[in-house]
$ cat input07.txt   # compact mmCIF, C-alpha atoms
# COMPACT_ATOMS: atom_id res chain seq x y z
CA MET A 27 -9.15 -1.55 -3.61
CA ILE A 28 -11.88 -0.75 -1.14
CA THR A 29 -13.38 2.68 -1.76
CA LYS A 30 -16.23 4.64 -0.26
CA THR A 31 -17.48 7.85 -1.86
CA ILE A 32 -18.11 10.45 0.84
CA ASP A 33 -19.13 13.29 -1.51
CA GLU A 34 -18.42 14.30 -5.11
CA ASN A 35 -14.84 15.37 -4.29
CA LEU A 36 -13.87 13.06 -1.41
CA ILE A 37 -13.35 9.30 -1.32
CA SER A 38 -11.99 7.00 1.36
CA VAL A 39 -9.53 4.39 0.05
CA ILE A 40 -7.91 1.21 1.37
CA PRO A 41 -5.46 -0.39 -1.11
CA GLU A 42 -5.51 -4.21 -0.96
CA ASP A 43 -2.54 -5.15 -3.16
CA SER A 44 0.25 -3.71 -5.29
CA GLU A 45 -2.05 -3.38 -8.31
CA ASP A 46 -4.14 -0.96 -6.26
CA LEU A 47 -1.01 1.06 -5.47
CA LEU A 48 -0.27 1.30 -9.19
CA ASN A 49 -3.81 2.55 -9.79
CA LEU A 50 -3.49 5.06 -6.95
CA ARG A 51 -0.25 6.32 -8.46
CA ARG A 52 -2.24 7.10 -11.61
CA ILE A 53 -5.08 8.74 -9.64
CA ILE A 54 -3.21 10.98 -7.17
CA ARG A 55 -2.04 14.23 -8.81
CA GLU A 56 -0.34 17.43 -7.76
CA ASN A 57 -2.57 19.84 -5.78
CA ASP A 58 -4.84 17.00 -4.56
CA LYS A 59 -5.40 16.72 -0.82
CA VAL A 60 -4.48 13.53 1.06
CA ILE A 61 -5.84 13.08 4.59
CA GLY A 62 -4.61 10.32 6.86
CA ASP A 63 -2.97 9.20 10.07
CA THR A 64 0.80 9.45 10.35
CA THR A 65 3.56 10.12 12.89
CA ARG A 66 5.59 13.28 13.22
CA VAL A 67 8.54 14.22 15.42
CA LEU A 68 7.93 17.23 17.69
CA LYS A 69 11.14 18.81 18.93
CA GLN A 70 11.33 20.90 22.08
CA ASP A 71 13.57 23.90 21.50
CA LYS A 72 14.52 25.60 24.73
CA GLU A 73 16.73 28.58 25.26
CA TYR A 74 20.27 27.57 26.33
CA ALA A 75 19.52 23.88 25.77
CA ARG A 76 20.64 21.39 23.18
CA PRO A 77 17.88 20.34 20.82
CA ASP A 78 16.61 16.92 21.76
CA LYS A 79 15.69 14.08 19.44
CA GLY A 80 12.05 14.94 19.81
CA GLU A 81 8.95 12.97 20.57
CA ARG A 82 7.17 10.97 17.87
CA VAL A 83 3.42 11.58 18.05
CA HIS A 84 0.51 10.17 16.06
CA VAL A 85 -1.39 12.89 14.20
CA ARG A 86 -4.07 13.16 11.54
CA LEU A 87 -2.87 15.46 8.77
CA ALA A 88 -4.18 16.86 5.51
CA ILE A 89 -1.45 17.69 3.01
CA LYS A 90 -1.51 19.33 -0.40
CA VAL A 91 0.27 16.92 -2.74
CA GLU A 92 3.46 18.26 -4.34
CA LYS A 93 5.30 15.06 -5.28
CA ILE A 94 4.52 11.36 -5.56
CA SER A 95 6.87 8.40 -5.81
CA LEU A 96 6.08 4.70 -6.14
CA ASP A 97 8.32 2.11 -4.49
CA ASN A 98 7.59 -1.20 -6.26
CA VAL A 99 9.97 -3.19 -4.08
CA LEU A 100 8.39 -2.31 -0.74
CA ASP A 101 4.79 -1.95 -1.99
CA ARG A 102 4.24 1.63 -0.95
CA ILE A 103 3.62 5.12 -2.33
CA ARG A 104 5.29 8.16 -0.83
CA VAL A 105 3.28 11.39 -1.09
CA GLY A 106 4.96 14.64 -0.08
CA GLY A 107 3.55 18.12 0.34
CA THR A 108 2.68 20.99 2.66
CA ILE A 109 0.47 20.55 5.72
CA LEU A 110 -2.96 22.16 5.35
CA GLU A 111 -4.74 20.81 8.46
CA SER A 112 -3.77 19.00 11.65
CA ASN A 113 -5.49 17.64 14.74
CA ASN A 114 -2.50 18.65 16.89
CA GLU A 115 -1.82 22.34 17.55
CA SER A 116 1.92 21.62 17.94
CA VAL A 117 2.20 20.73 14.24
CA PRO A 118 2.68 23.95 12.25
CA HIS A 119 0.66 24.43 9.05
CA GLY A 120 2.62 25.21 5.88
CA THR A 121 5.54 22.93 6.75
CA HIS A 122 6.44 19.93 4.65
CA HIS A 123 5.51 16.34 5.46
CA SER A 124 5.31 13.05 3.57
CA PHE A 125 2.79 10.22 3.85
CA THR A 126 3.61 6.61 3.20
CA ILE A 127 0.60 4.86 1.67
CA LYS A 128 0.81 1.11 2.31
CA ILE A 129 -1.35 -1.91 1.59
CA ASP A 130 -4.30 -2.30 4.03
CA GLU A 131 -3.87 1.23 5.44
CA GLY A 132 -6.70 3.65 4.67
CA PHE A 133 -6.66 7.34 3.80
CA ASN A 134 -8.93 9.96 2.26
CA LEU A 135 -8.35 11.60 -1.12
CA VAL A 136 -9.86 14.95 -2.09
CA LYS A 137 -9.78 16.16 -5.70
CA LYS A 138 -11.27 19.36 -7.09
CA LYS A 139 -12.49 17.51 -10.18
CA TRP A 140 -12.50 13.76 -10.81
CA SER A 141 -12.00 12.62 -14.40
CA SER A 142 -13.96 9.63 -15.68
CA VAL A 143 -10.76 7.55 -15.95
CA GLU A 144 -9.83 8.31 -12.33
CA LYS A 145 -13.32 7.33 -11.15
CA LYS A 146 -13.14 4.07 -13.09
CA LEU A 147 -9.69 3.24 -11.64
CA ALA A 148 -10.88 3.98 -8.10
CA LYS A 149 -14.01 1.83 -8.47
CA SER A 150 -12.21 -1.25 -9.83
CA LYS A 151 -13.02 -3.60 -6.94
CA GLY A 152 -11.46 -7.04 -6.65
CA LYS A 153 -12.37 -8.13 -10.18
CA LYS A 154 -8.84 -9.37 -10.64
CA THR A 155 -8.45 -12.87 -11.99
CA LYS A 156 -6.68 -15.32 -9.71
CA PHE A 157 -5.02 -18.53 -10.85
CA ILE A 158 -3.75 -21.55 -8.96
CA LEU A 159 -0.68 -23.05 -10.62
CA ILE A 160 0.30 -26.65 -9.87
CA ALA A 161 3.38 -28.52 -11.11
CA ILE A 162 3.40 -32.26 -10.35
CA ASP A 163 6.28 -34.70 -10.70
CA THR A 164 6.82 -38.17 -9.24
CA GLY A 165 9.13 -36.67 -6.59
CA ASP A 166 7.38 -33.52 -5.52
CA CYS A 167 4.63 -30.98 -6.22
CA GLY A 168 4.82 -27.17 -6.37
CA ILE A 169 1.81 -24.91 -5.83
CA GLY A 170 1.55 -21.19 -6.49
CA ARG A 171 -1.18 -18.55 -6.58
CA LEU A 172 -1.02 -15.90 -9.30
CA LYS A 173 -2.97 -12.73 -8.47
CA GLY A 174 -2.50 -9.77 -10.79
CA THR A 175 1.24 -9.62 -11.43
CA HIS A 176 2.34 -11.32 -8.20
CA LEU A 177 3.10 -14.99 -7.73
CA HIS A 178 2.80 -16.36 -4.20
CA LEU A 179 4.54 -19.74 -3.84
CA LEU A 180 3.50 -22.27 -1.21
CA PRO A 181 5.94 -24.80 0.26
CA ASN A 182 6.60 -27.84 -1.93
CA LEU A 183 4.93 -31.16 -1.18
CA TYR A 184 7.14 -34.25 -1.41
CA SER A 185 5.80 -37.67 -2.41
CA GLY A 186 8.24 -39.78 -0.44
CA SER A 187 9.23 -41.95 -3.40
CA SER A 188 12.82 -43.02 -3.72
CA GLY A 189 15.07 -41.20 -6.15
CA LYS A 190 16.17 -44.37 -7.91
CA ARG A 191 14.00 -46.51 -10.13
CA TYR A 192 14.26 -49.58 -7.89
CA LYS A 193 11.40 -51.91 -7.34
CA SER A 194 9.35 -50.64 -4.41
CA ASN A 195 5.80 -50.74 -3.20
CA PHE A 196 5.35 -46.94 -3.71
CA LYS A 197 2.24 -45.98 -5.70
CA ILE A 198 1.85 -42.41 -6.96
CA GLU A 199 -1.95 -42.66 -6.75
CA LYS A 200 -1.76 -42.82 -2.96

$ encode --input "input07.txt" --output "structure tokens"
Amino acid sequence: MITKTIDENLISVIPEDSEDLLNLRRIIRENDKVIGDTTRVLKQDKEYARPDKGERVHVRLAIKVEKISLDNVLDRIRVGGTILESNNESVPHGTHHSFTIKIDEGFNLVKKKWSSVEKKLAKSKGKKTKFILIAIDTGDCGIGRLKGTHLHLLPNLYSGSSGKRYKSNFKIEK
């Protein structure tokens, strides 16, 4: 997780992997303020007209956190709450909105008081142990990278030896 402390209450965060999302789920609490870029649908209501689908615009919002949910399958956190600030005057304050926090997408987090555990979780930078796993057989080789709790498998490498134990000029050393 890449973090930058702006002041004693505000940090800027970019999660790098799903472990960072788990840590952020532990850090973000109710009544915190999350500031980030998102999209919102603005509908044009006219008298005597059917409501249209609306126009999706990019806005920078600050919301007061009311609920948080972690989606392990899609590697994202959903943070819902009421809008406190907006850079677009068409977005009304006090209405509800939800942010989707994803890997490699930055946002700002404002807390009234940071606990020592929350500071430690936010400062844990890339000190995760990584392992390369290799399984070798006479027929093929499998390679995987284990980072945190995720295993990333690379395509198998095949030796080209025959499946039968016939006499051949194949040498595994090559």

$ atom_distance --input "input07.txt" --atom1 "CA of Thr64 (chain A)" --atom2 "CA of Gly120 (chain A)"
16.5 Å

$ residues_around --input "input07.txt" --residues "Ile129 (chain A)" --least-positions-apart "4" --cutoff "8 Å" --atoms "only C-alpha atoms" --output "PDB file with C-alpha atoms, in the frame of the given file"
ATOM      1  CA  ILE A  40      -7.910   1.210   1.370  1.00  0.00           C
ATOM      2  CA  PRO A  41      -5.460  -0.390  -1.110  1.00  0.00           C
ATOM      3  CA  GLU A  42      -5.510  -4.210  -0.960  1.00  0.00           C
ATOM      4  CA  ASP A  43      -2.540  -5.150  -3.160  1.00  0.00           C
ATOM      5  CA  SER A  44       0.250  -3.710  -5.290  1.00  0.00           C
ATOM      6  CA  LEU A  47      -1.010   1.060  -5.470  1.00  0.00           C
ATOM      7  CA  ASP A 101       4.790  -1.950  -1.990  1.00  0.00           C
ATOM      8  CA  ARG A 102       4.240   1.630  -0.950  1.00  0.00           C
TER       9      ARG A 102
END

$ atom_distance --input "input07.txt" --atom1 "CA of Arg104 (chain A)" --atom2 "CA of Glu56 (chain A)"
12.9 Å

$ residues_near_point --input "input07.txt" --point "(-7.7, 1.8, 6.0)" --cutoff "7 Å" --atoms "all atoms listed in the file" --output "list in words"
Val39, Ile40, Asp130, Glu131, Gly132 and Phe133 of chain A

$ closest_residue --input "input07.txt" --among "A:Leu135, A:Gly165, A:Leu183, A:Leu159" --to "Ile32 (chain A)" --atoms "all atoms listed in the file"
A:Leu135

$ closest_residue --input "input07.txt" --among "A:Tyr184, A:Phe125, A:Trp140, A:Phe157" --to "Arg86 (chain A)" --atoms "only C-alpha atoms"
A:Phe125

$ residues_around --input "input07.txt" --residues "Ile103 (chain A)" --least-positions-apart "3" --cutoff "10 Å" --atoms "all atoms listed in the file" --output "PyMOL selection string"
chain A and resi 44+47-48+50-51+94-98+100+106+125-129

$ write_last_selection --input "input07.txt" --atoms "C-alpha atoms" --output "PDB file, keeping the file's coordinate frame"
ATOM      1  CA  SER A  44       0.250  -3.710  -5.290  1.00  0.00           C
ATOM      2  CA  LEU A  47      -1.010   1.060  -5.470  1.00  0.00           C
ATOM      3  CA  LEU A  48      -0.270   1.300  -9.190  1.00  0.00           C
ATOM      4  CA  LEU A  50      -3.490   5.060  -6.950  1.00  0.00           C
ATOM      5  CA  ARG A  51      -0.250   6.320  -8.460  1.00  0.00           C
ATOM      6  CA  ILE A  94       4.520  11.360  -5.560  1.00  0.00           C
ATOM      7  CA  SER A  95       6.870   8.400  -5.810  1.00  0.00           C
ATOM      8  CA  LEU A  96       6.080   4.700  -6.140  1.00  0.00           C
ATOM      9  CA  ASP A  97       8.320   2.110  -4.490  1.00  0.00           C
ATOM     10  CA  ASN A  98       7.590  -1.200  -6.260  1.00  0.00           C
ATOM     11  CA  LEU A 100       8.390  -2.310  -0.740  1.00  0.00           C
ATOM     12  CA  GLY A 106       4.960  14.640  -0.080  1.00  0.00           C
ATOM     13  CA  PHE A 125       2.790  10.220   3.850  1.00  0.00           C
ATOM     14  CA  THR A 126       3.610   6.610   3.200  1.00  0.00           C
ATOM     15  CA  ILE A 127       0.600   4.860   1.670  1.00  0.00           C
ATOM     16  CA  LYS A 128       0.810   1.110   2.310  1.00  0.00           C
ATOM     17  CA  ILE A 129      -1.350  -1.910   1.590  1.00  0.00           C
TER      18      ILE A 129
END

$ closest_residue --input "input07.txt" --among "A:Ser142, A:Asn35, A:Thr108, A:Asn134" --to "His122 (chain A)" --atoms "all atoms listed in the file"
A:Thr108

$ residues_around --input "input07.txt" --residues "Glu144 (chain A)" --least-positions-apart "6" --cutoff "9 Å" --atoms "only C-alpha atoms" --output "MDAnalysis selection string"
chainID A and resid 49:50 52:54

$ atom_distance --input "input07.txt" --atom1 "CA of Arg82 (chain A)" --atom2 "CA of Asp46 (chain A)"
29.2 Å

$ residues_around --input "input07.txt" --residues "Gly107 (chain A)" --least-positions-apart "3" --cutoff "7 Å" --atoms "all atoms listed in the file" --output "ChimeraX atom specification"
/A:89-93,122-124

$ write_last_selection --input "input07.txt" --atoms "C-alpha atoms" --output "short mmCIF file (atom, residue, chain, number, x, y, z; two decimals), keeping the file's coordinate frame"
data_model
loop_
_atom_site.label_atom_id
_atom_site.label_comp_id
_atom_site.auth_asym_id
_atom_site.auth_seq_id
_atom_site.Cartn_x
_atom_site.Cartn_y
_atom_site.Cartn_z
CA ILE A 89 -1.45 17.69 3.01
CA LYS A 90 -1.51 19.33 -0.40
CA VAL A 91 0.27 16.92 -2.74
CA GLU A 92 3.46 18.26 -4.34
CA LYS A 93 5.30 15.06 -5.28
CA HIS A 122 6.44 19.93 4.65
CA HIS A 123 5.51 16.34 5.46
CA SER A 124 5.31 13.05 3.57
#

$ closest_residue --input "input07.txt" --among "A:Val99, A:Val67, A:Val60, A:Ala148" --to "Leu87 (chain A)" --atoms "all atoms listed in the file"
A:Val60

$ closest_residue --input "input07.txt" --among "A:Val105, A:Ala88, A:Met27, A:Leu172" --to "Asp63 (chain A)" --atoms "only C-alpha atoms"
A:Ala88

$ closest_residue --input "input07.txt" --among "A:Lys138, A:Arg55, A:Lys149, A:His119" --to "Ser38 (chain A)" --atoms "all atoms listed in the file"
A:Lys149
